[in-house]
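Quick look at run-v5.tsv (TSV, C-alpha atoms):
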```
chain	number	residue	atom	x	y	z
A	1	MET	CA	35.07	-57.47	-3.83
A	2	ALA	CA	32.02	-58.29	-1.69
A	3	TRP	CA	28.27	-57.91	-1.90
A	4	ILE	CA	25.86	-57.29	0.97
A	5	LYS	CA	22.12	-56.76	1.00
A	6	LEU	CA	20.80	-53.52	2.47
A	7	PHE	CA	17.07	-52.76	2.51
A	8	ASP	CA	16.31	-55.12	-0.38
A	9	ARG	CA	19.12	-53.68	-2.42
A	10	GLU	CA	22.44	-55.28	-3.13
A	11	VAL	CA	25.41	-53.05	-2.51
A	12	LYS	CA	28.87	-53.72	-3.84
A	13	LEU	CA	31.63	-53.03	-1.33
A	14	ARG	CA	35.14	-52.33	-2.39
A	15	PRO	CA	37.75	-54.15	-0.25
A	16	PHE	CA	38.94	-51.06	1.61
A	17	VAL	CA	35.37	-50.06	2.49
A	18	LEU	CA	34.64	-53.54	3.81
A	19	SER	CA	37.80	-53.73	5.85
A	20	SER	CA	37.18	-50.24	7.24
A	21	THR	CA	33.64	-51.18	8.26
A	22	LEU	CA	34.77	-54.40	9.89
A	23	ARG	CA	37.52	-52.55	11.69
A	24	LYS	CA	34.99	-50.09	13.12
A	25	ILE	CA	32.68	-52.89	14.24
A	26	ARG	CA	35.58	-54.81	15.76
A	27	GLY	CA	36.71	-51.62	17.47
A	28	LYS	CA	33.31	-51.15	19.07
A	29	TRP	CA	33.36	-54.69	20.42
A	30	ARG	CA	36.89	-54.35	21.68
A	31	ASP	CA	36.09	-51.10	23.42
A	32	GLY	CA	32.92	-52.46	24.98
A	33	LYS	CA	34.28	-52.07	28.50
A	34	TYR	CA	35.70	-48.57	28.17
A	35	THR	CA	34.92	-46.19	25.34
A	36	GLY	CA	35.17	-42.97	27.30
A	37	ARG	CA	31.45	-42.26	26.93
A	38	ILE	CA	29.33	-42.05	30.05
A	39	VAL	CA	25.84	-43.50	30.08
A	40	ILE	CA	23.42	-42.66	32.89
A	41	THR	CA	20.65	-45.16	33.46
A	42	GLY	CA	18.05	-45.65	36.15
A	43	SER	CA	16.47	-48.91	37.26
A	44	VAL	CA	13.62	-49.63	39.64
A	45	GLU	CA	12.92	-52.66	41.83
A	46	ILE	CA	9.58	-53.13	43.59
A	47	THR	CA	8.86	-55.28	46.61
A	48	ASN	CA	5.39	-55.67	48.12
A	49	GLY	CA	5.36	-58.52	50.62
A	50	PRO	CA	6.16	-61.78	48.88
A	51	ASN	CA	6.08	-60.14	45.47
A	52	HIS	CA	9.28	-58.75	44.00
A	53	ALA	CA	9.58	-57.28	40.51
A	54	GLY	CA	12.24	-55.59	38.47
A	55	PRO	CA	14.66	-54.16	37.82
A	56	TYR	CA	12.87	-52.01	35.27
A	57	ARG	CA	14.54	-49.21	33.35
A	58	ASN	CA	13.28	-45.71	34.06
A	59	HIS	CA	12.84	-42.62	31.89
A	60	PHE	CA	14.75	-39.54	32.95
A	61	VAL	CA	13.05	-36.24	32.10
A	62	ASN	CA	14.37	-32.81	31.18
A	63	ASN	CA	14.66	-31.60	34.80
A	64	ALA	CA	17.47	-34.11	35.37
A	65	LEU	CA	19.24	-33.63	32.06
A	66	SER	CA	19.33	-29.83	32.15
A	67	ALA	CA	20.43	-29.79	35.80
A	68	LEU	CA	23.50	-31.85	34.92
A	69	MET	CA	24.51	-29.26	32.37
A	70	TYR	CA	23.91	-26.30	34.68
A	71	ILE	CA	26.03	-27.95	37.37
A	72	ILE	CA	28.91	-28.39	34.95
A	73	MET	CA	28.64	-24.75	33.92
A	74	THR	CA	28.72	-23.54	37.53
A	75	ASN	CA	31.96	-22.15	38.90
A	76	ALA	CA	31.04	-19.61	41.51
A	77	THR	CA	33.23	-17.80	43.98
A	78	PRO	CA	30.97	-16.28	46.63
A	79	ALA	CA	32.92	-14.19	49.10
A	80	ASN	CA	31.62	-15.62	52.34
A	81	TYR	CA	28.94	-18.15	51.72
A	82	TYR	CA	28.33	-21.56	50.25
A	83	PHE	CA	25.34	-22.60	48.33
A	84	SER	CA	22.97	-23.72	51.04
A	85	ASN	CA	19.98	-25.84	51.80
A	86	ILE	CA	19.19	-26.87	48.26
A	87	SER	CA	21.25	-29.46	46.41
A	88	PRO	CA	21.70	-28.84	42.68
A	89	LEU	CA	20.54	-32.35	41.77
A	90	ASN	CA	19.47	-34.70	44.52
A	91	PRO	CA	16.58	-37.17	44.56
A	92	THR	CA	14.70	-36.79	47.82
A	93	THR	CA	11.45	-38.74	47.52
A	94	MET	CA	9.17	-40.87	45.34
A	95	TYR	CA	5.50	-40.77	44.48
A	96	LEU	CA	3.09	-43.34	43.03
A	97	GLY	CA	0.33	-43.01	40.48
A	98	SER	CA	-2.41	-45.03	38.84
A	99	ASP	CA	-2.21	-43.87	35.21
A	100	THR	CA	-1.63	-46.65	32.70
A	101	SER	CA	-2.10	-44.86	29.38
A	102	THR	CA	0.20	-41.82	29.32
A	103	LYS	CA	3.67	-42.40	27.94
A	104	THR	CA	6.59	-40.50	29.44
A	105	THR	CA	7.90	-37.52	27.51
A	106	ALA	CA	11.09	-35.61	28.18
A	107	SER	CA	9.13	-32.49	29.09
A	108	MET	CA	6.89	-34.20	31.65
A	109	THR	CA	7.09	-32.65	35.13
A	110	ALA	CA	4.65	-34.66	37.27
A	111	LEU	CA	2.79	-37.94	37.56
A	112	VAL	CA	-0.44	-38.06	35.57
A	113	ALA	CA	-2.70	-39.52	38.29
A	114	PRO	CA	-0.89	-39.49	41.62
A	115	ILE	CA	-2.10	-41.65	44.48
A	116	GLY	CA	-2.91	-39.17	47.26
A	117	THR	CA	-2.97	-35.40	47.03
A	118	ALA	CA	-0.62	-34.13	44.28
A	119	PRO	CA	2.28	-34.66	43.92
A	120	GLY	CA	1.33	-37.82	45.83
A	121	THR	CA	1.64	-39.63	49.13
A	122	GLY	CA	5.28	-39.64	50.14
A	123	PRO	CA	7.00	-42.68	51.61
A	124	ASN	CA	7.29	-43.22	55.36
A	125	SER	CA	11.04	-43.72	55.18
A	126	TRP	CA	13.89	-42.92	52.83
A	127	ASN	CA	17.44	-44.17	52.50
A	128	GLU	CA	20.36	-43.42	50.16
A	129	THR	CA	23.46	-45.48	49.42
A	130	LEU	CA	26.41	-44.76	47.17
A	131	GLN	CA	28.35	-47.64	45.71
A	132	ARG	CA	31.29	-48.29	43.40
A	133	LEU	CA	30.78	-50.57	40.42
A	134	SER	CA	33.42	-52.34	38.37
A	135	ASN	CA	32.93	-49.84	35.55
A	136	GLY	CA	31.38	-46.88	37.31
A	137	SER	CA	29.32	-45.78	40.23
A	138	ALA	CA	25.72	-45.95	41.42
A	139	VAL	CA	23.42	-44.22	43.85
A	140	SER	CA	20.43	-46.14	45.23
A	141	TYR	CA	17.38	-44.57	46.84
A	142	THR	CA	15.05	-46.76	48.87
A	143	ALA	CA	11.52	-45.59	49.67
A	144	THR	CA	9.22	-47.51	51.99
A	145	TRP	CA	5.48	-47.02	52.41
A	146	ASN	CA	4.30	-48.80	55.54
A	147	ALA	CA	1.55	-51.40	55.27
A	148	GLY	CA	-1.84	-49.77	54.79
A	149	THR	CA	-0.56	-46.26	53.98
A	150	VAL	CA	-1.16	-46.47	50.22
A	151	SER	CA	-3.70	-48.48	48.26
A	152	GLY	CA	-4.98	-48.94	44.73
A	153	THR	CA	-3.44	-49.87	41.42
A	154	ILE	CA	0.06	-48.70	40.57
A	155	GLY	CA	0.56	-47.75	36.94
A	156	GLU	CA	3.31	-45.17	37.29
A	157	MET	CA	5.89	-43.97	39.77
A	158	ALA	CA	8.31	-41.09	39.89
A	159	LEU	CA	11.58	-40.08	41.46
A	160	TYR	CA	11.37	-36.52	42.75
A	161	GLY	CA	14.10	-34.24	44.06
A	162	THR	CA	15.81	-30.89	44.01
A	163	PHE	CA	17.37	-29.59	40.83
A	164	THR	CA	18.81	-26.38	39.52
A	165	GLN	CA	17.47	-24.54	36.50
A	166	THR	CA	20.30	-22.08	36.33
A	167	TYR	CA	24.05	-21.83	36.76
A	168	TYR	CA	26.36	-19.49	38.64
A	169	TYR	CA	29.62	-18.19	37.31
A	170	GLY	CA	32.20	-15.88	38.79
A	171	SER	CA	31.46	-13.76	41.83
A	172	VAL	CA	27.84	-14.15	42.82
A	173	SER	CA	25.67	-12.59	45.48
A	174	LEU	CA	24.39	-14.20	48.66
A	175	SER	CA	20.82	-14.22	47.43
A	176	ALA	CA	21.87	-16.22	44.40
A	177	VAL	CA	23.95	-18.78	46.19
A	178	THR	CA	21.46	-19.74	48.86
A	179	SER	CA	18.99	-21.47	46.64
A	180	TRP	CA	20.35	-22.98	43.38
A	181	GLY	CA	17.02	-21.83	42.01
A	182	GLY	CA	15.16	-23.81	44.63
A	183	HIS	CA	13.32	-26.19	42.33
A	184	THR	CA	11.76	-29.44	43.42
A	185	GLY	CA	10.10	-31.73	40.92
A	186	MET	CA	10.08	-34.93	38.92
A	187	LEU	CA	13.45	-36.22	37.75
A	188	SER	CA	12.48	-39.60	36.34
A	189	ARG	CA	9.41	-41.76	35.76
A	190	LEU	CA	8.53	-45.44	35.39
A	191	SER	CA	5.23	-46.24	33.74
A	192	VAL	CA	3.05	-49.04	32.47
A	193	ALA	CA	2.22	-46.93	29.42
A	194	ASP	CA	5.89	-47.06	28.36
A	195	GLY	CA	5.89	-50.82	28.75
A	196	ASN	CA	8.26	-50.54	31.71
A	197	PHE	CA	6.22	-52.81	33.97
A	198	SER	CA	2.76	-54.30	34.45
A	199	ALA	CA	0.20	-52.51	36.59
A	200	PHE	CA	-0.48	-54.19	39.92
A	201	THR	CA	-2.73	-53.72	42.92
A	202	ILE	CA	-0.94	-52.89	46.15
A	203	ASN	CA	-1.25	-55.59	48.79
A	204	SER	CA	-1.88	-53.28	51.74
A	205	THR	CA	-1.08	-55.93	54.33
A	206	TYR	CA	2.59	-55.50	53.46
A	207	PRO	CA	4.90	-52.51	53.12
A	208	LEU	CA	5.69	-51.31	49.62
A	209	VAL	CA	9.42	-50.89	49.02
A	210	ILE	CA	10.85	-49.27	45.89
A	211	VAL	CA	14.58	-49.15	45.22
A	212	TRP	CA	15.51	-46.64	42.51
A	213	THR	CA	19.12	-46.95	41.36
A	214	ILE	CA	20.92	-44.47	39.13
A	215	GLN	CA	24.04	-45.82	37.48
A	216	PHE	CA	26.91	-43.93	35.90
A	217	VAL	CA	28.97	-46.28	33.76
A	218	PHE	CA	31.41	-46.14	30.89
A	219	ALA	CA	29.71	-47.69	27.89
B	1	MET	CA	26.00	-45.09	-0.29
B	2	LEU	CA	26.98	-46.56	3.06
B	3	PHE	CA	27.62	-43.13	4.51
B	4	ASN	CA	24.15	-41.92	3.57
B	5	ILE	CA	22.48	-44.98	5.09
B	6	LYS	CA	24.42	-44.48	8.30
B	7	LEU	CA	23.30	-40.86	8.57
B	8	VAL	CA	19.63	-41.72	8.16
B	9	GLY	CA	19.84	-44.52	10.69
B	10	GLY	CA	21.67	-42.32	13.19
B	11	ALA	CA	19.13	-39.55	12.89
B	12	ARG	CA	16.26	-41.96	13.54
B	13	LYS	CA	17.98	-43.40	16.57
B	14	ARG	CA	18.78	-39.98	18.07
B	15	SER	CA	15.21	-38.74	17.68
B	16	LYS	CA	13.79	-41.60	19.75
B	17	TYR	CA	13.30	-40.82	23.44
B	18	THR	CA	14.29	-43.77	25.62
B	19	GLY	CA	14.86	-41.95	28.90
B	20	ARG	CA	18.56	-42.82	29.16
B	21	ILE	CA	21.05	-39.97	29.40
B	22	LYS	CA	24.30	-40.15	27.48
B	23	ALA	CA	27.28	-37.90	28.19
B	24	GLU	CA	29.72	-37.41	25.35
B	25	GLY	CA	32.65	-35.14	24.72
B	26	TRP	CA	33.69	-33.72	21.36
B	27	VAL	CA	36.96	-31.96	20.70
B	28	GLU	CA	37.50	-29.52	17.86
B	29	VAL	CA	41.14	-28.69	17.15
B	30	ILE	CA	42.03	-25.62	15.10
B	31	ASN	CA	45.57	-24.64	14.13
B	32	GLY	CA	45.61	-22.37	11.11
B	33	PRO	CA	44.35	-24.44	8.17
B	34	TYR	CA	44.06	-27.56	10.39
B	35	ARG	CA	40.51	-27.98	11.68
B	36	LYS	CA	39.13	-31.35	12.81
B	37	LYS	CA	36.69	-32.75	15.37
B	38	PHE	CA	37.06	-35.90	17.48
B	39	ARG	CA	35.35	-37.77	20.32
B	40	ASN	CA	37.01	-37.79	23.73
B	41	HIS	CA	37.44	-40.32	26.56
B	42	PHE	CA	36.05	-39.34	29.94
B	43	VAL	CA	37.98	-40.72	32.91
B	44	ASP	CA	36.95	-41.82	36.40
B	45	SER	CA	37.14	-38.38	38.01
B	46	ALA	CA	34.32	-37.08	35.80
B	47	LEU	CA	32.16	-40.17	36.13
B	48	PHE	CA	32.46	-40.43	39.90
B	49	ALA	CA	31.82	-36.71	40.37
B	50	LEU	CA	28.44	-37.14	38.66
B	51	ALA	CA	27.47	-39.84	41.15
B	52	TYR	CA	28.78	-37.78	44.08
B	53	ILE	CA	26.61	-34.85	43.00
B	54	LEU	CA	23.48	-37.00	43.12
B	55	GLY	CA	24.56	-38.42	46.44
B	56	SER	CA	25.20	-35.01	48.01
B	57	LYS	CA	23.05	-32.72	50.08
B	58	TRP	CA	24.20	-29.17	50.60
B	59	THR	CA	23.11	-27.69	53.90
B	60	ALA	CA	26.03	-25.48	54.89
B	61	SER	CA	25.33	-21.84	55.55
B	62	ALA	CA	28.53	-19.92	56.05
B	63	ALA	CA	32.16	-20.29	55.04
B	64	SER	CA	34.49	-19.21	52.30
B	65	ALA	CA	34.74	-21.49	49.30
B	66	VAL	CA	35.13	-21.81	45.62
B	67	PHE	CA	32.17	-23.86	44.61
B	68	ALA	CA	32.18	-25.96	41.48
B	69	PRO	CA	31.13	-29.61	41.92
B	70	LEU	CA	32.12	-30.52	38.37
B	71	ASN	CA	33.44	-27.74	36.19
B	72	PRO	CA	35.87	-27.97	33.26
B	73	GLN	CA	38.22	-25.00	33.54
B	74	THR	CA	41.31	-25.45	31.41
B	75	MET	CA	43.17	-27.75	29.03
B	76	TYR	CA	46.67	-29.08	28.62
B	77	ILE	CA	48.35	-30.70	25.66
B	78	GLY	CA	50.98	-33.40	25.36
B	79	SER	CA	53.17	-35.26	22.91
B	80	ASP	CA	52.60	-38.91	23.85
B	81	THR	CA	51.40	-41.14	21.02
B	82	SER	CA	51.65	-44.61	22.61
B	83	THR	CA	49.69	-44.53	25.88
B	84	LYS	CA	46.03	-45.45	25.54
B	85	THR	CA	43.56	-43.75	27.82
B	86	ALA	CA	42.46	-45.78	30.84
B	87	ALA	CA	39.54	-44.87	33.04
B	88	THR	CA	41.89	-44.51	35.99
B	89	MET	CA	44.25	-42.08	34.24
B	90	THR	CA	44.78	-38.80	36.09
B	91	ALA	CA	47.23	-36.84	33.91
B	92	LEU	CA	48.67	-36.56	30.43
B	93	ALA	CA	51.46	-39.03	29.70
B	94	ALA	CA	53.90	-36.45	28.31
B	95	PRO	CA	52.66	-32.90	28.80
B	96	ILE	CA	54.09	-30.07	26.74
B	97	GLY	CA	55.60	-27.70	29.31
B	98	SER	CA	56.00	-28.36	33.02
B	99	ALA	CA	53.36	-30.77	34.38
B	100	PRO	CA	50.43	-30.62	34.15
B	101	GLY	CA	51.36	-28.61	31.05
B	102	THR	CA	51.45	-25.16	29.53
B	103	ALA	CA	48.11	-23.50	30.21
B	104	PRO	CA	46.28	-21.74	27.39
B	105	ASN	CA	46.50	-17.98	27.08
B	106	SER	CA	42.74	-17.65	27.30
B	107	VAL	CA	39.65	-19.74	27.98
B	108	SER	CA	35.97	-19.05	27.49
B	109	THR	CA	32.77	-20.99	28.07
B	110	SER	CA	29.34	-21.26	26.54
B	111	ILE	CA	26.24	-23.34	27.16
B	112	VAL	CA	23.32	-24.35	24.97
B	113	THR	CA	20.23	-26.03	26.41
B	114	GLN	CA	17.26	-27.29	24.48
B	115	THR	CA	14.70	-30.02	24.95
B	116	GLY	CA	16.49	-33.33	24.99
B	117	GLN	CA	20.00	-31.96	24.68
B	118	SER	CA	22.34	-29.65	26.55
B	119	SER	CA	25.87	-28.71	25.57
B	120	PHE	CA	28.72	-27.03	27.40
B	121	THR	CA	31.78	-25.82	25.50
B	122	LEU	CA	35.12	-24.75	26.91
B	123	SER	CA	37.31	-23.01	24.35
B	124	ALA	CA	41.05	-22.69	24.97
B	125	VAL	CA	43.48	-20.66	22.90
B	126	TRP	CA	47.26	-20.85	22.92
B	127	ASN	CA	48.58	-17.83	21.08
B	128	ALA	CA	50.90	-18.34	18.12
B	129	SER	CA	54.36	-19.58	19.18
B	130	THR	CA	53.43	-20.18	22.83
B	131	VAL	CA	53.47	-23.97	22.42
B	132	THR	CA	55.57	-26.07	20.08
B	133	GLY	CA	56.20	-29.68	19.22
B	134	SER	CA	54.15	-32.66	18.17
B	135	LEU	CA	50.60	-32.86	19.51
B	136	GLY	CA	49.65	-36.44	20.43
B	137	GLU	CA	47.30	-36.01	23.38
B	138	MET	CA	45.23	-33.34	25.09
B	139	ALA	CA	43.21	-33.20	28.27
B	140	LEU	CA	40.32	-31.33	29.80
B	141	TYR	CA	40.99	-30.31	33.40
B	142	GLY	CA	38.69	-28.92	36.05
B	143	THR	CA	37.24	-29.30	39.51
B	144	ALA	CA	35.35	-32.45	40.51
B	145	LEU	CA	33.81	-33.68	43.72
B	146	THR	CA	35.86	-36.48	45.24
B	147	ALA	CA	33.24	-37.55	47.79
B	148	ALA	CA	29.55	-37.11	48.45
B	149	LEU	CA	28.80	-34.09	50.60
B	150	THR	CA	26.35	-34.30	53.44
B	151	GLY	CA	25.25	-32.07	56.26
B	152	SER	CA	27.47	-29.06	56.71
B	153	GLN	CA	30.23	-30.20	54.37
B	154	GLY	CA	29.52	-27.54	51.84
B	155	SER	CA	33.01	-26.91	50.57
B	156	GLN	CA	35.14	-28.74	48.08
B	157	SER	CA	38.70	-28.81	46.91
B	158	THR	CA	39.68	-26.19	44.42
B	159	SER	CA	42.40	-28.33	42.86
B	160	GLN	CA	41.97	-29.32	39.26
B	161	VAL	CA	41.96	-32.88	37.99
B	162	MET	CA	41.87	-34.46	34.54
B	163	LEU	CA	38.30	-35.05	33.45
B	164	SER	CA	38.78	-36.29	29.92
B	165	ARG	CA	41.47	-37.06	27.36
B	166	LEU	CA	41.89	-37.23	23.61
B	167	SER	CA	44.86	-39.20	22.33
B	168	ALA	CA	46.52	-40.42	19.18
B	169	ALA	CA	47.22	-43.71	20.95
B	170	ASP	CA	43.48	-44.40	21.20
B	171	GLY	CA	43.07	-43.72	17.51
B	172	ASP	CA	41.12	-40.57	18.30
B	173	PHE	CA	43.24	-38.47	15.95
B	174	SER	CA	46.60	-38.44	14.17
B	175	ALA	CA	49.48	-36.69	15.86
B	176	PHE	CA	50.61	-33.51	14.15
B	177	ALA	CA	53.25	-30.83	14.58
B	178	ILE	CA	51.85	-27.58	15.91
B	179	ASN	CA	52.11	-24.83	13.30
B	180	THR	CA	53.52	-22.03	15.45
B	181	ALA	CA	52.62	-19.39	12.91
B	182	PHE	CA	49.02	-19.76	14.03
B	183	ALA	CA	47.18	-19.88	17.30
B	184	LEU	CA	46.13	-23.30	18.58
B	185	GLN	CA	42.48	-23.38	19.55
B	186	ILE	CA	40.68	-26.32	21.13
B	187	ASN	CA	36.91	-26.33	21.64
B	188	TRP	CA	35.91	-29.09	24.06
B	189	THR	CA	32.15	-29.70	24.07
B	190	ILE	CA	30.34	-31.91	26.58
B	191	THR	CA	26.82	-32.90	25.61
B	192	PHE	CA	24.08	-34.55	27.62
B	193	THR	CA	21.43	-36.14	25.42
B	194	PHE	CA	18.59	-38.58	25.78
B	195	SER	CA	19.52	-41.73	23.91
```

What do you get writing this file as structure tokens?
Amino acid sequence: MAWIKLFDREVKLRPFVLSSTLRKIRGKWRDGKYTGRIVITGSVEITNGPNHAGPYRNHFVNNALSALMYIIMTNATPANYYFSNISPLNPTTMYLGSDTSTKTTASMTALVAPIGTAPGTGPNSWNETLQRLSNGSAVSYTATWNAGTVSGTIGEMALYGTFTQTYYYGSVSLSAVTSWGGHTGMLSRLSVADGNFSAFTINSTYPLVIVWTIQFVFA
Amino acid sequence: MLFNIKLVGGARKRSKYTGRIKAEGWVEVINGPYRKKFRNHFVDSALFALAYILGSKWTASAASAVFAPLNPQTMYIGSDTSTKTAATMTALAAPIGSAPGTAPNSVSTSIVTQTGQSSFTLSAVWNASTVTGSLGEMALYGTALTAALTGSQGSQSTSQVMLSRLSAADGDFSAFAINTAFALQINWTITFTFS
């Protein structure tokens, strides 16, 4: 027989309950490397001249989550055409913003106070790399704003891209398969308001480089 | 007492929005009076396909193809009770029927999306007496990208691969003899949630 304290209340555990609980905890530890669950996380690293910060963990929004599900539901058999021109879920750019007070919500679709004309000033260059990890895979997107192209205080940033808001099943028509719905918008956000990072003023004598990495790992 | 505390704590944790996305699979097995639900093990093919989708750009315009970058399409069952699932596993250890196994008599799909959670369910039914023996493992099969697509590479293989597995060896469930007087139905649900 054992006693434990839970929320200021002592609870008596019978031996089989205790051993079962310990077994579950031990099982979680043992399975730490591979549980069969997949966790998708995003991290952001920022470099502005001599200053380097991160990685910071991002907040995915509904556009990304729902697109994953629609992709899994899709099994289309168009007679003569592929889906074209629009990827079902593919980050394609980043934007910066100055807001420091608005927390990210799952339903958010844009930066609160973008730097430049909405949705923001896009980077001068863009690069993507795909890599294998010991327990999964990762895709990294690197955006570079040349020195002097953006200025001000950064309080938020966002990963934008194409995403689908529908799925296709069975035999579908050409008009359907050429667009995947054709949506472009915010997939994920990093913000000072969420406590993700501290606001900073861009040093415009140096380029601003942001590396946004999305990891798929068993956890 | 402990069970109630666990439920309250779980509910609080789930309601918090952290911006991470978690993919989980739940398997409901129904065979006459037998009806239970368990959590699956995704394998590498499913995980890598997710990354390949985000690393792909589709720009092709004309060709003939079946197009499903990651789509569960069928299930197979097996009798093995000693082989634990590994991330690199690609097939059931001891399928019932000729490999990859005896396909179900019917499959159907459904999807539910709501703020913060989306669920896809593939339901497979083996009619009464079409499969027999002891059930110790089962697998979700479907198409999955095996590389990132760029430029005009708009097509993909139509072959099916194992995406996820449920096994007695992992402690997911207890092996049982299929009751052939009833249909065997398996509902495999994949959920994406913020966690």

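Closest to chain A among B:Thr109, B:Ser167, B:Thr102, B:Thr74 is B:Thr109, based on all atoms listed in the file.
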
Write out as a PDB file with C-alpha atoms, in the coordinates of the input the residues lying within 7 Å of Asp172 (chain B), counting only C-alpha atoms and excluding same-chain residues fewer than 2 positions away.
```pdb
ATOM      1  CA  PHE B  38      37.060 -35.900  17.480  1.00  0.00           C
ATOM      2  CA  ARG B  39      35.350 -37.770  20.320  1.00  0.00           C
ATOM      3  CA  LEU B 166      41.890 -37.230  23.610  1.00  0.00           C
ATOM      4  CA  SER B 167      44.860 -39.200  22.330  1.00  0.00           C
ATOM      5  CA  ALA B 168      46.520 -40.420  19.180  1.00  0.00           C
ATOM      6  CA  ASP B 170      43.480 -44.400  21.200  1.00  0.00           C
TER       7      ASP B 170
END
```

Within 8 Å of (23.1, -41.8, 30.3) (coordinates as in the file), grab all the protein and nucleic acid residues, counting only C-alpha atoms, and write them out as a ChimeraX atom specification. /A:38-41,216 /B:20-23,192-195

From the options B:Asn105, B:Thr83, B:Thr90, B:Ser45, which residue's atoms come nearest to chain A, counting all atoms listed in the file? B:Ser45

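Interatomic distance, CA of Ser98 (chain A) to CA of Ala118 (chain A): 12.3 Å.
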
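Across the structure, CA of Thr100 (chain A) and CA of Thr142 (chain A) are spaced 23.2 Å apart.
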
Can you tell me, as number ranges by chain, which residues sit within 12 Å of (54.6, -30.8, 27.9) in the file's frame, using only C-alpha atoms? B: 75-80, 91-103, 130-139

Please save C-alpha atoms of the selected residues as an mmCIF file, in the coordinates of the input.
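Written out: part07.cif:
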```
data_model
loop_
_atom_site.group_PDB
_atom_site.id
_atom_site.type_symbol
_atom_site.label_atom_id
_atom_site.label_comp_id
_atom_site.auth_asym_id
_atom_site.auth_seq_id
_atom_site.Cartn_x
_atom_site.Cartn_y
_atom_site.Cartn_z
ATOM 1 C CA MET B 75 43.170 -27.750 29.030
ATOM 2 C CA TYR B 76 46.670 -29.080 28.620
ATOM 3 C CA ILE B 77 48.350 -30.700 25.660
ATOM 4 C CA GLY B 78 50.980 -33.400 25.360
ATOM 5 C CA SER B 79 53.170 -35.260 22.910
ATOM 6 C CA ASP B 80 52.600 -38.910 23.850
ATOM 7 C CA ALA B 91 47.230 -36.840 33.910
ATOM 8 C CA LEU B 92 48.670 -36.560 30.430
ATOM 9 C CA ALA B 93 51.460 -39.030 29.700
ATOM 10 C CA ALA B 94 53.900 -36.450 28.310
ATOM 11 C CA PRO B 95 52.660 -32.900 28.800
ATOM 12 C CA ILE B 96 54.090 -30.070 26.740
ATOM 13 C CA GLY B 97 55.600 -27.700 29.310
ATOM 14 C CA SER B 98 56.000 -28.360 33.020
ATOM 15 C CA ALA B 99 53.360 -30.770 34.380
ATOM 16 C CA PRO B 100 50.430 -30.620 34.150
ATOM 17 C CA GLY B 101 51.360 -28.610 31.050
ATOM 18 C CA THR B 102 51.450 -25.160 29.530
ATOM 19 C CA ALA B 103 48.110 -23.500 30.210
ATOM 20 C CA THR B 130 53.430 -20.180 22.830
ATOM 21 C CA VAL B 131 53.470 -23.970 22.420
ATOM 22 C CA THR B 132 55.570 -26.070 20.080
ATOM 23 C CA GLY B 133 56.200 -29.680 19.220
ATOM 24 C CA SER B 134 54.150 -32.660 18.170
ATOM 25 C CA LEU B 135 50.600 -32.860 19.510
ATOM 26 C CA GLY B 136 49.650 -36.440 20.430
ATOM 27 C CA GLU B 137 47.300 -36.010 23.380
ATOM 28 C CA MET B 138 45.230 -33.340 25.090
ATOM 29 C CA ALA B 139 43.210 -33.200 28.270
#
```

Which residues, written as a ChimeraX atom specification, have at least one atom at most 8 Å from Ala46 (chain B), with all atoms listed in the file counted and residues fewer than 5 positions away on the same chain left out? /B:70,144,163-164

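For the atom pair formed by CA of Met157 (chain A) and CA of Leu149 (chain B), the distance is 27.2 Å, given to one decimal.
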
Leaving out Leu187 (chain A) and any residue of its chain fewer than 6 positions from it, which residues lie within 8 Å of it when counting all atoms listed in the file, given as an MDAnalysis selection string? chainID A and resid 60:64 91 109 158:161

Pull N, CA and C atoms for region 138-146 of chain A from the block and write them as a PDB file, in the first residue's frame.
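The resulting out_8.pdb:
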```
ATOM      1  N   ALA A 138      13.332  16.954 -42.116  1.00  0.00           N
ATOM      2  CA  ALA A 138      13.129  18.392 -41.927  1.00  0.00           C
ATOM      3  C   ALA A 138      13.258  19.126 -43.250  1.00  0.00           C
ATOM      4  N   VAL A 139      12.503  20.193 -43.368  1.00  0.00           N
ATOM      5  CA  VAL A 139      12.617  21.072 -44.524  1.00  0.00           C
ATOM      6  C   VAL A 139      12.974  22.461 -43.997  1.00  0.00           C
ATOM      7  N   SER A 140      14.035  23.052 -44.549  1.00  0.00           N
ATOM      8  CA  SER A 140      14.459  24.385 -44.117  1.00  0.00           C
ATOM      9  C   SER A 140      14.262  25.388 -45.245  1.00  0.00           C
ATOM     10  N   TYR A 141      13.732  26.544 -44.882  1.00  0.00           N
ATOM     11  CA  TYR A 141      13.514  27.625 -45.841  1.00  0.00           C
ATOM     12  C   TYR A 141      14.345  28.817 -45.380  1.00  0.00           C
ATOM     13  N   THR A 142      15.169  29.321 -46.268  1.00  0.00           N
ATOM     14  CA  THR A 142      16.029  30.453 -45.921  1.00  0.00           C
ATOM     15  C   THR A 142      15.628  31.676 -46.736  1.00  0.00           C
ATOM     16  N   ALA A 143      15.283  32.751 -46.036  1.00  0.00           N
ATOM     17  CA  ALA A 143      14.909  34.009 -46.689  1.00  0.00           C
ATOM     18  C   ALA A 143      15.957  35.053 -46.358  1.00  0.00           C
ATOM     19  N   THR A 144      16.366  35.804 -47.366  1.00  0.00           N
ATOM     20  CA  THR A 144      17.367  36.855 -47.159  1.00  0.00           C
ATOM     21  C   THR A 144      16.853  38.193 -47.681  1.00  0.00           C
ATOM     22  N   TRP A 145      16.848  39.195 -46.789  1.00  0.00           N
ATOM     23  CA  TRP A 145      16.566  40.570 -47.202  1.00  0.00           C
ATOM     24  C   TRP A 145      17.917  41.275 -47.289  1.00  0.00           C
ATOM     25  N   ASN A 146      18.232  41.820 -48.436  1.00  0.00           N
ATOM     26  CA  ASN A 146      19.525  42.495 -48.588  1.00  0.00           C
ATOM     27  C   ASN A 146      19.626  43.700 -47.658  1.00  0.00           C
TER      28      ASN A 146
END
```
